[in-house]
file my_file18.cif (mmCIF, C-alpha atoms)
data_entry
#
loop_
_atom_site.label_atom_id
_atom_site.label_comp_id
_atom_site.auth_asym_id
_atom_site.auth_seq_id
_atom_site.Cartn_x
_atom_site.Cartn_y
_atom_site.Cartn_z
CA MET X 5 -13.74 34.16 -0.18
CA THR X 6 -12.57 32.16 -3.20
CA ALA X 7 -14.76 29.11 -3.88
CA VAL X 8 -12.94 26.08 -5.28
CA VAL X 9 -14.32 22.73 -6.43
CA LEU X 10 -11.86 19.82 -6.49
CA SER X 11 -12.80 17.13 -8.99
CA VAL X 12 -10.92 14.05 -7.74
CA ASN X 13 -10.59 10.48 -8.91
CA LYS X 14 -11.24 7.09 -7.24
CA VAL X 15 -11.08 8.12 -3.59
CA ALA X 16 -14.54 7.28 -2.23
CA SER X 17 -14.55 4.02 -4.19
CA PHE X 18 -11.23 2.98 -2.62
CA PRO X 19 -11.92 3.00 1.13
CA ASP X 20 -8.77 0.93 1.84
CA GLY X 21 -6.52 3.54 0.24
CA GLY X 22 -5.58 5.88 3.07
CA GLY X 23 -2.60 7.20 1.12
CA HIS X 24 -4.63 7.79 -2.02
CA PHE X 25 -7.07 9.85 0.04
CA TRP X 26 -4.19 12.05 1.22
CA VAL X 27 -3.15 12.88 -2.35
CA TYR X 28 -6.24 15.09 -2.64
CA LEU X 29 -6.62 15.99 1.04
CA GLN X 30 -3.35 17.91 0.84
CA TYR X 31 -4.96 20.13 -1.81
CA ALA X 32 -8.35 20.40 -0.11
CA LEU X 33 -6.96 21.20 3.35
CA GLY X 34 -4.22 23.43 1.97
CA LEU X 35 -6.73 25.51 0.01
CA ARG X 36 -8.89 25.80 3.10
CA GLN X 37 -5.86 27.08 5.01
CA LEU X 38 -5.61 29.81 2.38
CA GLY X 39 -9.18 30.83 3.23
CA CYS X 40 -10.92 29.12 0.30
CA ASP X 41 -14.40 27.60 0.45
CA VAL X 42 -13.65 24.09 -0.83
CA TYR X 43 -16.05 21.52 -2.34
CA TRP X 44 -15.21 17.93 -3.27
CA LEU X 45 -16.61 16.49 -6.53
CA GLU X 46 -16.21 12.80 -7.33
CA GLN X 47 -17.67 10.12 -9.56
CA LEU X 48 -18.36 6.80 -7.86
CA ARG X 49 -17.19 3.63 -9.56
CA PRO X 50 -19.92 1.07 -10.34
CA VAL X 51 -20.62 -1.38 -7.50
CA ARG X 52 -22.97 -4.33 -8.00
CA ASP X 53 -23.40 -5.19 -4.32
CA PRO X 54 -25.75 -2.62 -2.70
CA ASP X 55 -24.30 -3.33 0.75
CA ARG X 56 -20.82 -2.63 -0.54
CA ARG X 57 -22.03 0.60 -2.14
CA ALA X 58 -23.61 1.71 1.14
CA TYR X 59 -20.38 0.93 3.02
CA VAL X 60 -18.27 2.86 0.52
CA ILE X 61 -20.47 5.94 0.71
CA ALA X 62 -20.83 5.86 4.51
CA THR X 63 -17.07 5.42 5.03
CA PHE X 64 -16.27 8.28 2.70
CA GLN X 65 -18.83 10.64 4.22
CA ASP X 66 -17.62 9.85 7.73
CA ARG X 67 -14.04 10.66 6.77
CA MET X 68 -15.05 13.88 5.05
CA LYS X 69 -16.93 14.89 8.20
CA GLN X 70 -13.79 14.25 10.28
CA PHE X 71 -11.88 16.68 8.06
CA GLY X 72 -14.61 19.31 8.15
CA PHE X 73 -16.11 18.81 4.69
CA GLU X 74 -19.56 17.68 5.73
CA GLY X 75 -22.10 19.17 3.31
CA ARG X 76 -19.35 20.00 0.83
CA THR X 77 -19.13 16.72 -1.05
CA LEU X 78 -20.74 16.09 -4.43
CA LEU X 79 -20.74 12.35 -5.12
CA TYR X 80 -22.34 11.10 -8.29
CA ASP X 81 -22.98 7.96 -10.31
CA THR X 82 -23.47 7.81 -14.04
CA VAL X 83 -26.91 6.34 -14.74
CA ASP X 84 -27.99 5.89 -18.36
CA GLY X 85 -25.26 8.28 -19.34
CA GLN X 86 -26.37 11.02 -16.94
CA PRO X 87 -24.75 12.20 -13.68
CA CYS X 88 -26.93 11.21 -10.72
CA PHE X 89 -25.88 12.76 -7.41
CA VAL X 90 -25.97 11.11 -3.99
CA GLY X 91 -28.04 13.07 -1.46
CA SER X 92 -28.61 16.06 -3.73
CA THR X 93 -30.12 16.94 -7.07
CA ARG X 94 -28.17 17.52 -10.23
CA SER X 95 -29.40 21.09 -10.39
CA ASP X 96 -28.13 21.75 -6.85
CA ALA X 97 -24.74 20.30 -7.70
CA GLU X 98 -24.49 22.29 -10.92
CA ALA X 99 -25.39 25.43 -8.98
CA VAL X 100 -22.33 24.84 -6.75
CA LEU X 101 -20.16 24.48 -9.86
CA ARG X 102 -21.52 27.71 -11.34
CA ARG X 103 -20.91 29.65 -8.14
CA ALA X 104 -17.33 28.43 -7.77
CA ASP X 105 -14.51 30.68 -8.90
CA VAL X 106 -12.58 27.72 -10.30
CA LEU X 107 -12.79 23.95 -10.68
CA LEU X 108 -9.46 22.18 -10.12
CA ASN X 109 -9.80 18.95 -12.04
CA PHE X 110 -7.74 15.84 -11.25
CA HIS X 111 -10.20 13.56 -13.07
CA TYR X 112 -8.85 13.54 -16.60
CA ALA X 113 -11.96 11.83 -17.99
CA ILE X 114 -14.48 14.10 -16.24
CA ASP X 115 -17.95 14.40 -17.74
CA PRO X 116 -17.64 17.45 -20.03
CA ARG X 117 -21.16 18.55 -19.05
CA LEU X 118 -20.05 19.05 -15.45
CA LEU X 119 -16.88 20.77 -16.57
CA ALA X 120 -18.95 23.17 -18.69
CA CYS X 121 -20.86 24.34 -15.60
CA ALA X 122 -17.74 25.90 -14.07
CA ARG X 123 -16.88 29.49 -14.89
CA ARG X 124 -13.17 28.63 -14.93
CA THR X 125 -11.37 25.29 -15.06
CA ALA X 126 -7.82 24.08 -14.42
CA LEU X 127 -6.54 20.59 -15.14
CA VAL X 128 -4.11 19.33 -12.48
CA ASP X 129 -1.62 16.81 -13.84
CA ILE X 130 -0.32 14.46 -11.13
CA ASP X 131 0.90 11.85 -13.64
CA PRO X 132 3.53 13.91 -15.49
CA GLY X 133 4.78 12.32 -18.66
CA LEU X 134 2.10 9.64 -18.56
CA LEU X 135 -0.74 12.12 -18.99
CA GLN X 136 0.93 13.83 -21.91
CA PHE X 137 1.76 10.44 -23.45
CA TRP X 138 -1.87 9.33 -23.17
CA MET X 139 -3.11 12.59 -24.63
CA SER X 140 -0.64 12.71 -27.51
CA THR X 141 -1.29 9.08 -28.52
CA GLY X 142 -5.06 9.47 -28.39
CA GLU X 143 -5.49 7.02 -25.50
CA LEU X 144 -7.09 9.76 -23.43
CA ASP X 145 -9.39 12.50 -24.68
CA VAL X 146 -9.13 15.30 -22.13
CA PRO X 147 -11.76 18.06 -22.48
CA PRO X 148 -10.36 21.59 -22.95
CA HIS X 149 -9.57 23.57 -19.78
CA ASP X 150 -8.78 27.21 -19.18
CA CYS X 151 -5.49 26.44 -17.43
CA TYR X 152 -3.12 23.48 -17.19
CA LEU X 153 -1.14 22.74 -14.03
CA THR X 154 1.48 20.00 -13.68
CA THR X 155 3.58 18.52 -10.89
CA GLY X 156 6.15 17.43 -13.49
CA GLU X 157 9.29 19.53 -13.50
CA THR X 158 10.12 18.88 -17.17
CA VAL X 159 6.60 18.98 -18.64
CA GLY X 160 6.41 21.51 -21.46
CA THR X 161 10.14 22.32 -21.30
CA PRO X 162 12.96 21.58 -23.78
CA ALA X 163 14.16 18.88 -21.37
CA ALA X 164 10.96 16.84 -21.78
CA LEU X 165 11.17 13.50 -23.56
CA PHE X 166 7.46 13.62 -24.38
CA SER X 167 4.99 15.95 -26.06
CA ASP X 168 3.55 19.08 -24.46
CA CYS X 169 0.32 18.40 -26.41
CA GLY X 170 0.36 21.97 -27.69
CA LEU X 171 -0.49 23.34 -24.25
CA ARG X 172 1.08 25.85 -21.88
CA TRP X 173 1.81 24.07 -18.62
CA ASN X 174 2.09 25.92 -15.30
CA HIS X 175 4.43 24.20 -12.87
CA ILE X 176 3.57 23.40 -9.26
CA ARG X 177 4.92 20.86 -6.78
CA PRO X 178 3.13 18.19 -4.73
CA PRO X 179 1.83 20.05 -1.67
CA VAL X 180 1.99 18.95 1.95
CA CYS X 181 0.16 20.62 4.83
CA LEU X 182 3.09 21.05 7.17
CA ASP X 183 1.05 21.59 10.32
CA LEU X 184 -0.80 18.30 9.72
CA TRP X 185 2.49 16.45 9.09
CA PRO X 186 4.67 17.72 11.99
CA PHE X 187 8.32 16.85 12.48
CA THR X 188 8.41 13.56 14.40
CA TYR X 189 11.87 12.52 15.51
CA GLU X 190 12.00 8.84 16.49
CA PRO X 191 15.65 7.74 16.62
CA GLY X 192 14.54 4.28 17.73
CA ALA X 193 12.43 3.68 14.62
CA GLU X 194 13.80 0.65 12.84
CA ALA X 195 12.41 0.25 9.33
CA PHE X 196 12.62 2.21 6.13
CA THR X 197 9.19 1.68 4.64
CA THR X 198 6.91 2.65 1.81
CA VAL X 199 3.30 2.15 0.77
CA SER X 200 2.51 1.00 -2.73
CA SER X 201 0.12 -0.62 -5.11
CA TRP X 202 1.62 -3.70 -6.69
CA SER X 203 0.32 -5.48 -9.75
CA SER X 204 -2.71 -3.42 -10.74
CA ALA X 205 -3.08 -3.28 -14.51
CA SER X 206 -0.89 -0.46 -15.82
CA TRP X 207 0.43 -0.63 -19.35
CA LEU X 208 2.11 1.67 -21.82
CA LYS X 209 1.18 1.17 -25.45
CA GLU X 210 4.29 1.73 -27.54
CA GLN X 211 4.70 1.52 -31.29
CA ARG X 212 7.63 -0.65 -32.33
CA ASN X 213 8.23 -1.54 -35.97
CA GLY X 214 4.67 -0.67 -36.83
CA GLN X 215 3.16 -2.83 -34.10
CA THR X 216 1.61 -1.95 -30.75
CA VAL X 217 3.57 -3.35 -27.82
CA LEU X 218 2.28 -3.36 -24.24
CA VAL X 219 4.93 -2.42 -21.67
CA ASP X 220 4.31 -3.27 -18.02
CA ASN X 221 4.28 -0.03 -16.02
CA THR X 222 3.57 -1.32 -12.52
CA LYS X 223 5.47 -0.69 -9.30
CA ARG X 224 5.92 -4.46 -9.14
CA ILE X 225 8.36 -4.41 -12.04
CA SER X 226 10.42 -1.63 -10.49
CA PHE X 227 10.58 -3.07 -6.97
CA LEU X 228 11.58 -6.52 -8.18
CA GLU X 229 14.66 -4.98 -9.81
CA PHE X 230 15.83 -4.20 -6.26
CA ALA X 231 14.55 -7.37 -4.62
CA ASP X 232 17.99 -8.34 -3.30
CA LEU X 233 18.61 -4.99 -1.59
CA PRO X 234 18.28 -6.46 1.97
CA ARG X 235 21.31 -8.63 1.20
CA HIS X 236 23.44 -5.51 0.74
CA THR X 237 22.49 -3.60 3.89
CA ARG X 238 21.89 -4.10 7.60
CA GLN X 239 19.00 -1.65 7.40
CA ARG X 240 15.58 -3.17 8.06
CA LEU X 241 13.26 -2.74 5.07
CA GLU X 242 9.48 -3.03 4.99
CA LEU X 243 6.89 -2.75 2.21
CA ALA X 244 3.18 -2.10 2.81
CA LEU X 245 1.67 -3.47 -0.39
CA TYR X 246 -1.79 -3.89 -1.82
CA LEU X 247 -1.69 -7.61 -2.65
CA LEU X 248 -4.53 -9.97 -3.48
CA ASP X 249 -3.09 -13.27 -2.26
CA ARG X 250 -4.71 -13.00 1.20
CA ASP X 251 -7.80 -11.06 0.22
CA PRO X 252 -11.29 -12.29 -0.78
CA ALA X 253 -11.04 -10.07 -3.85
CA GLY X 254 -8.32 -12.39 -5.07
CA GLN X 255 -10.95 -15.07 -5.68
CA ALA X 256 -12.20 -12.99 -8.60
CA ARG X 257 -8.66 -12.68 -10.00
CA PRO X 258 -7.01 -16.01 -9.15
CA LYS X 259 -4.05 -15.57 -11.52
CA GLN X 260 -3.11 -12.25 -9.98
CA ALA X 261 -3.59 -13.65 -6.48
CA GLU X 262 -1.26 -16.54 -7.32
CA GLN X 263 1.34 -14.15 -8.75
CA ASP X 264 1.08 -11.93 -5.67
CA ALA X 265 1.63 -14.94 -3.41
CA GLN X 266 4.79 -15.86 -5.34
CA ASP X 267 6.05 -12.27 -5.19
CA ARG X 268 5.41 -12.07 -1.44
CA ALA X 269 7.37 -15.28 -0.90
CA LEU X 270 10.24 -14.01 -3.06
CA LEU X 271 10.48 -10.70 -1.21
CA GLU X 272 10.37 -12.37 2.19
CA ARG X 273 13.10 -14.83 1.18
CA GLN X 274 15.29 -11.88 0.21
CA GLY X 275 14.80 -10.30 3.63
CA TRP X 276 11.94 -7.82 3.17
CA ARG X 277 9.12 -7.57 5.67
CA VAL X 278 5.86 -7.42 3.68
CA ARG X 279 2.77 -5.89 5.27
CA ASP X 280 -0.76 -5.66 3.90
CA SER X 281 -1.40 -1.99 3.13
CA ARG X 282 -5.06 -2.41 4.09
CA ASP X 283 -4.02 -3.45 7.59
CA VAL X 284 -1.51 -0.69 8.28
CA THR X 285 -2.51 2.23 6.00
CA GLY X 286 -6.17 1.55 5.23
CA SER X 287 -7.44 4.91 6.47
CA PRO X 288 -6.04 8.45 6.27
CA ALA X 289 -5.20 8.36 10.00
CA ALA X 290 -3.52 4.95 9.79
CA TYR X 291 -1.47 6.04 6.78
CA ALA X 292 -0.16 9.10 8.60
CA ALA X 293 0.63 7.05 11.71
CA TYR X 294 2.51 4.46 9.64
CA ILE X 295 4.75 7.14 8.14
CA ARG X 296 5.38 8.69 11.57
CA ARG X 297 6.51 5.31 12.93
CA SER X 298 8.96 4.76 10.07
CA ARG X 299 12.67 5.47 10.15
CA GLY X 300 12.52 6.78 6.59
CA GLU X 301 11.29 5.87 3.14
CA PHE X 302 12.72 3.56 0.53
CA SER X 303 10.82 3.47 -2.74
CA ALA X 304 11.13 2.61 -6.40
CA ALA X 305 9.21 4.46 -9.11
CA LYS X 306 7.18 3.26 -12.07
CA PRO X 307 9.16 2.40 -15.22
CA SER X 308 7.52 5.32 -17.03
CA CYS X 309 9.25 7.76 -14.68
CA MET X 310 12.64 6.46 -15.78
CA ALA X 311 11.62 6.30 -19.43
CA PHE X 312 10.28 9.87 -19.41
CA GLN X 313 12.95 11.24 -17.03
CA ASN X 314 10.29 13.54 -15.57
CA ALA X 315 12.10 14.31 -12.27
CA TRP X 316 8.98 12.99 -10.53
CA VAL X 317 8.62 13.07 -6.76
CA SER X 318 5.61 11.48 -5.13
CA ASP X 319 3.11 13.02 -2.71
CA ARG X 320 3.96 10.11 -0.41
CA THR X 321 7.67 10.96 -0.34
CA VAL X 322 6.78 14.58 0.41
CA ALA X 323 4.79 13.41 3.45
CA TYR X 324 7.75 11.36 4.69
CA LEU X 325 10.02 14.40 4.30
CA ALA X 326 7.58 16.67 6.15
CA THR X 327 7.62 14.40 9.19
CA GLY X 328 11.41 14.43 9.17
CA LYS X 329 11.89 11.00 7.63
CA PRO X 330 14.84 10.78 5.21
CA ALA X 331 13.89 9.44 1.78
CA VAL X 332 15.87 7.03 -0.38
CA VAL X 333 14.02 7.06 -3.69
CA GLN X 334 14.72 6.00 -7.24
CA HIS X 335 16.27 8.65 -9.47
CA THR X 336 13.70 9.83 -12.03
CA GLY X 337 15.79 12.34 -13.96
CA PRO X 338 17.80 15.53 -13.44
CA SER X 339 16.12 18.14 -11.25
CA SER X 340 16.78 21.82 -10.71
CA PHE X 341 15.76 21.67 -7.06
CA LEU X 342 15.52 18.11 -5.69
CA PRO X 343 18.49 17.52 -3.36
CA ASP X 344 20.56 14.35 -3.38
CA GLY X 345 22.77 13.50 -0.44
CA GLU X 346 21.21 15.15 2.59
CA GLY X 347 17.71 14.28 3.80
CA MET X 348 16.90 12.90 0.35
CA PHE X 349 18.94 10.40 -1.67
CA ARG X 350 18.17 9.50 -5.29
CA PHE X 351 19.56 6.10 -6.26
CA THR X 352 19.94 4.25 -9.54
CA THR X 353 21.50 0.99 -8.31
CA VAL X 354 21.14 -1.39 -5.39
CA LEU X 355 24.57 -0.39 -4.07
CA GLU X 356 23.71 3.32 -4.19
CA ALA X 357 20.59 2.66 -2.13
CA ALA X 358 22.57 0.59 0.39
CA GLU X 359 25.20 3.34 0.69
CA ALA X 360 22.45 5.90 1.29
CA PHE X 361 21.21 3.95 4.32
CA GLU X 362 24.73 3.85 5.74
CA THR X 363 25.16 7.60 5.26
CA ILE X 364 21.82 8.41 6.87
CA ASN X 365 22.37 6.16 9.87
CA ARG X 366 25.79 7.66 10.60
CA ASP X 367 24.11 11.00 11.38
CA TYR X 368 20.42 10.20 11.55
CA GLY X 369 19.35 13.36 13.38
CA ARG X 370 20.97 15.65 10.80
CA HIS X 371 19.28 13.90 7.91
CA CYS X 372 15.91 13.99 9.68
CA ARG X 373 16.19 17.75 10.09
CA ALA X 374 17.30 18.09 6.47
CA ALA X 375 14.25 16.11 5.34
CA ARG X 376 11.92 18.52 7.11
CA ASP X 377 13.83 21.47 5.66
CA ILE X 378 13.28 20.10 2.14
CA ALA X 379 9.52 19.88 2.73
CA GLU X 380 9.37 23.39 4.17
CA MET X 381 11.44 24.88 1.38
CA HIS X 382 9.86 23.20 -1.64
CA PHE X 383 6.49 21.62 -0.80
CA ASP X 384 4.70 23.84 1.73
CA ALA X 385 1.03 23.61 0.74
CA ARG X 386 0.38 27.29 1.42
CA ARG X 387 2.99 28.45 -1.08
CA VAL X 388 2.37 25.69 -3.62
CA LEU X 389 -1.39 26.21 -3.68
CA GLU X 390 -1.18 29.98 -3.72
CA THR X 391 0.85 29.61 -6.92
CA ALA X 392 -1.62 27.08 -8.30
CA LEU X 393 -4.64 29.22 -7.45
CA ASN X 394 -3.13 32.36 -8.94
CA ALA X 395 -2.40 30.53 -12.18
CA ALA X 396 -5.84 28.91 -12.29
CA LEU X 397 -7.60 32.25 -11.80
CA ASP X 398 -5.38 34.20 -14.20
CA ALA X 399 -6.88 34.65 -17.64
CA ASP X 400 -3.35 34.99 -19.04
CA ALA X 401 -2.67 31.39 -17.95
CA ALA X 402 -5.02 30.10 -20.66
CA PRO X 403 -3.56 27.43 -22.98
CA LEU X 404 -1.69 28.39 -26.08
CA GLN X 405 -3.72 27.99 -29.24
CA GLN X 406 -1.59 25.45 -31.06
CA THR X 407 -2.39 22.61 -33.38
CA GLY X 408 -0.90 19.16 -33.35
CA VAL X 409 1.04 17.55 -30.54
#
call {"tool": "encode", "arguments": {"input": "my_file18.cif", "output": "structure tokens"}}
result
Amino acid sequence: MTAVVLSVNKVASFPDGGGHFWVYLQYALGLRQLGCDVYWLEQLRPVRDPDRRAYVIATFQDRMKQFGFEGRTLLYDTVDGQPCFVGSTRSDAEAVLRRADVLLNFHYAIDPRLLACARRTALVDIDPGLLQFWMSTGELDVPPHDCYLTTGETVGTPAALFSDCGLRWNHIRPPVCLDLWPFTYEPGAEAFTTVSSWSSASWLKEQRNGQTVLVDNTKRISFLEFADLPRHTRQRLELALYLLDRDPAGQARPKQAEQDAQDRALLERQGWRVRDSRDVTGSPAAYAAYIRRSRGEFSAAKPSCMAFQNAWVSDRTVAYLATGKPAVVQHTGPSSFLPDGEGMFRFTTVLEAAEAFETINRDYGRHCRAARDIAEMHFDARRVLETALNAALDADAAPLQQTGV
């Protein structure tokens, strides 16, 4: 049995992020379906309130138990610069890492001492274009790995508009566990929906005329470009957003809370229904149920996806497709495999998005079946993760020895 450790990022510390949890669950559960013995490794974010810390840990452990990973989680804090594990010793945790056949690392800033314990390591890039940009500009110092995997179609190819960082990138696609996301045909479902963060700090540092310029790279910027979409379609549209205007956390960030309140009012005036993501997708189960109840997905992408033209498709969109929900998503660059016009529509303008809704609703059942077919053909976790595992365990998949970026 192949033993795999997944090093993930900011899941336990984000108990309200049911969708974020699923990003990594697709990998963990998919690998288990392949017969792997899977462990979950994660660094906790600092929490000052001990009650909050206890809640975060208890919620996470309960969810891991529900998915069959009890006793296979390695949570740790960093105390005085040293990893300190919750419920186990450091030596026990390092023994798990040494026994594992491979560590699949999603945490780009992992403690190199933990990485060094693994006999083989593979970096998994789920931020294609952005990760390479951060690495090539020195904003992120990623420790060396034995293998580099990416969900970006253009990463490391002549079509890329960004550096390959002197590395050989092995291509995979966002996986979805098809049996856990069954086809759910609901012709009476009314709203095209999506789930998104909003105004969390996300900036690109660009050099312009010798000066560093910060470029806003939030979903907020992208969605507001299409704020008047409801005026161009009869299709009901709903956004489940992580906003601070009605949350106690907003008291600590009053300016952001005020901005979120203004944005909510603007969207509602334009005809959007705005839901609080914590209310409707705050757990893995609630997130899955929300997608199943939807008619389809409408979503914009971060500005970096358009700037880098990385042909990005999100793990969230893949989940919508798996359940048979047609997706209308922003075009992020030419793709060799992503369809456009049946089950999945890639728009660049408000009118293109509105036309996509009309096309889908004229033959909704056909586009639902096409959506599921796309997931089965391109994103089946068993096939995706078999490819990923083979690359991660193959000594020939080691990075090229190049200098410079």
call {"tool": "resolve_selection", "arguments": {"input": "my_file18.cif", "expression": "the PyMOL selection byres ((chain X and resi 68-78) around 6)", "output": "list in words"}}
result
Tyr43, Trp44, Leu45, Gln65, Asp66, Arg67 and Leu79 of chain X
call {"tool": "write_last_selection", "arguments": {"input": "my_file18.cif", "atoms": "C-alpha atoms", "output": "PDB file, keeping the file's coordinate frame"}}
result
ATOM      1  CA  TYR X  43     -16.050  21.520  -2.340  1.00  0.00           C
ATOM      2  CA  TRP X  44     -15.210  17.930  -3.270  1.00  0.00           C
ATOM      3  CA  LEU X  45     -16.610  16.490  -6.530  1.00  0.00           C
ATOM      4  CA  GLN X  65     -18.830  10.640   4.220  1.00  0.00           C
ATOM      5  CA  ASP X  66     -17.620   9.850   7.730  1.00  0.00           C
ATOM      6  CA  ARG X  67     -14.040  10.660   6.770  1.00  0.00           C
ATOM      7  CA  LEU X  79     -20.740  12.350  -5.120  1.00  0.00           C
TER       8      LEU X  79
END
call {"tool": "closest_residue", "arguments": {"input": "my_file18.cif", "among": "X:Gly22, X:Pro288, X:Pro148, X:Gly133", "to": "X:Lys306", "atoms": "only C-alpha atoms"}}
result
X:Gly133
call {"tool": "residues_around", "arguments": {"input": "my_file18.cif", "residues": "X:His335", "least_positions_apart": "6", "cutoff": "6 Å", "atoms": "all atoms listed in the file", "output": "ChimeraX atom specification"}}
result
/X:350-352
call {"tool": "residues_near_point", "arguments": {"input": "my_file18.cif", "point": "(-17.4, 25.1, -13.4)", "cutoff": "10 Å", "atoms": "all atoms listed in the file", "output": "VMD selection string"}}
result
chain X and resid 8 to 9 98 to 109 117 to 126
call {"tool": "residues_around", "arguments": {"input": "my_file18.cif", "residues": "X:Asp264", "least_positions_apart": "2", "cutoff": "12 Å", "atoms": "all atoms listed in the file", "output": "MDAnalysis selection string"}}
result
chainID X and resid 201:204 224 245:251 254 257:262 266:271 278 280
call {"tool": "closest_residue", "arguments": {"input": "my_file18.cif", "among": "X:Asn365, X:Ser298, X:Gln263, X:Gln239", "to": "X:Trp276", "atoms": "only C-alpha atoms"}}
result
X:Gln239
call {"tool": "atom_distance", "arguments": {"input": "my_file18.cif", "atom1": "atom CA of X:Phe110", "atom2": "atom CA of X:Ser226"}}
result
25.2 Å
call {"tool": "residues_around", "arguments": {"input": "my_file18.cif", "residues": "X:Arg386", "least_positions_apart": "4", "cutoff": "10 Å", "atoms": "all atoms listed in the file", "output": "list in words"}}
result
Tyr31, Leu33, Gly34, Leu35, Arg36, Gln37, Leu38, Pro179, Val180, Cys181, Leu182, Glu390, Thr391 and Ala392 of chain X
call {"tool": "write_last_selection", "arguments": {"input": "my_file18.cif", "atoms": "C-alpha atoms", "output": "compact mmCIF listing (two decimals), in the frame of the given file"}}
result
# COMPACT_ATOMS: atom_id res chain seq x y z
CA TYR X 31 -4.96 20.13 -1.81
CA LEU X 33 -6.96 21.20 3.35
CA GLY X 34 -4.22 23.43 1.97
CA LEU X 35 -6.73 25.51 0.01
CA ARG X 36 -8.89 25.80 3.10
CA GLN X 37 -5.86 27.08 5.01
CA LEU X 38 -5.61 29.81 2.38
CA PRO X 179 1.83 20.05 -1.67
CA VAL X 180 1.99 18.95 1.95
CA CYS X 181 0.16 20.62 4.83
CA LEU X 182 3.09 21.05 7.17
CA GLU X 390 -1.18 29.98 -3.72
CA THR X 391 0.85 29.61 -6.92
CA ALA X 392 -1.62 27.08 -8.30
call {"tool": "resolve_selection", "arguments": {"input": "my_file18.cif", "expression": "the PyMOL selection byres ((chain X and resi 111) around 12)", "output": "PyMOL selection string"}}
result
chain X and resi 10-15+28+44-48+107-110+112-116+118-119+125-131+135+144-147
call {"tool": "write_last_selection", "arguments": {"input": "my_file18.cif", "atoms": "C-alpha atoms", "output": "PDB file, in the coordinates of the input"}}
result
ATOM      1  CA  LEU X  10     -11.860  19.820  -6.490  1.00  0.00           C
ATOM      2  CA  SER X  11     -12.800  17.130  -8.990  1.00  0.00           C
ATOM      3  CA  VAL X  12     -10.920  14.050  -7.740  1.00  0.00           C
ATOM      4  CA  ASN X  13     -10.590  10.480  -8.910  1.00  0.00           C
ATOM      5  CA  LYS X  14     -11.240   7.090  -7.240  1.00  0.00           C
ATOM      6  CA  VAL X  15     -11.080   8.120  -3.590  1.00  0.00           C
ATOM      7  CA  TYR X  28      -6.240  15.090  -2.640  1.00  0.00           C
ATOM      8  CA  TRP X  44     -15.210  17.930  -3.270  1.00  0.00           C
ATOM      9  CA  LEU X  45     -16.610  16.490  -6.530  1.00  0.00           C
ATOM     10  CA  GLU X  46     -16.210  12.800  -7.330  1.00  0.00           C
ATOM     11  CA  GLN X  47     -17.670  10.120  -9.560  1.00  0.00           C
ATOM     12  CA  LEU X  48     -18.360   6.800  -7.860  1.00  0.00           C
ATOM     13  CA  LEU X 107     -12.790  23.950 -10.680  1.00  0.00           C
ATOM     14  CA  LEU X 108      -9.460  22.180 -10.120  1.00  0.00           C
ATOM     15  CA  ASN X 109      -9.800  18.950 -12.040  1.00  0.00           C
ATOM     16  CA  PHE X 110      -7.740  15.840 -11.250  1.00  0.00           C
ATOM     17  CA  TYR X 112      -8.850  13.540 -16.600  1.00  0.00           C
ATOM     18  CA  ALA X 113     -11.960  11.830 -17.990  1.00  0.00           C
ATOM     19  CA  ILE X 114     -14.480  14.100 -16.240  1.00  0.00           C
ATOM     20  CA  ASP X 115     -17.950  14.400 -17.740  1.00  0.00           C
ATOM     21  CA  PRO X 116     -17.640  17.450 -20.030  1.00  0.00           C
ATOM     22  CA  LEU X 118     -20.050  19.050 -15.450  1.00  0.00           C
ATOM     23  CA  LEU X 119     -16.880  20.770 -16.570  1.00  0.00           C
ATOM     24  CA  THR X 125     -11.370  25.290 -15.060  1.00  0.00           C
ATOM     25  CA  ALA X 126      -7.820  24.080 -14.420  1.00  0.00           C
ATOM     26  CA  LEU X 127      -6.540  20.590 -15.140  1.00  0.00           C
ATOM     27  CA  VAL X 128      -4.110  19.330 -12.480  1.00  0.00           C
ATOM     28  CA  ASP X 129      -1.620  16.810 -13.840  1.00  0.00           C
ATOM     29  CA  ILE X 130      -0.320  14.460 -11.130  1.00  0.00           C
ATOM     30  CA  ASP X 131       0.900  11.850 -13.640  1.00  0.00           C
ATOM     31  CA  LEU X 135      -0.740  12.120 -18.990  1.00  0.00           C
ATOM     32  CA  LEU X 144      -7.090   9.760 -23.430  1.00  0.00           C
ATOM     33  CA  ASP X 145      -9.390  12.500 -24.680  1.00  0.00           C
ATOM     34  CA  VAL X 146      -9.130  15.300 -22.130  1.00  0.00           C
ATOM     35  CA  PRO X 147     -11.760  18.060 -22.480  1.00  0.00           C
TER      36      PRO X 147
END
call {"tool": "resolve_selection", "arguments": {"input": "my_file18.cif", "expression": "the PyMOL selection byres ((chain X and resi 336) around 7)", "output": "VMD selection string"}}
result
chain X and resid 309 to 310 313 to 316 334 to 335 337
call {"tool": "closest_residue", "arguments": {"input": "my_file18.cif", "among": "X:Ala265, X:Ala289, X:Ala164, X:Cys372", "to": "X:Glu301", "atoms": "only C-alpha atoms"}}
result
X:Cys372
call {"tool": "atom_distance", "arguments": {"input": "my_file18.cif", "atom1": "atom CA of X:Leu243", "atom2": "atom CA of X:Ser303"}}
result
8.9 Å
call {"tool": "residues_near_point", "arguments": {"input": "my_file18.cif", "point": "(13.8, -3.8, -11.7)", "cutoff": "10 Å", "atoms": "all atoms listed in the file", "output": "list of chain:residue names"}}
result
X:Lys223, X:Arg224, X:Ile225, X:Ser226, X:Phe227, X:Leu228, X:Glu229, X:Phe230, X:Ala231, X:Ala304, X:Ala305, X:Lys306, X:Pro307, X:Thr353, X:Val354
call {"tool": "residues_around", "arguments": {"input": "my_file18.cif", "residues": "stretch 156-161 of chain X", "least_positions_apart": "4", "cutoff": "10 Å", "atoms": "all atoms listed in the file", "output": "PyMOL selection string"}}
result
chain X and resi 129-133+136+165-178+312-317+337-341
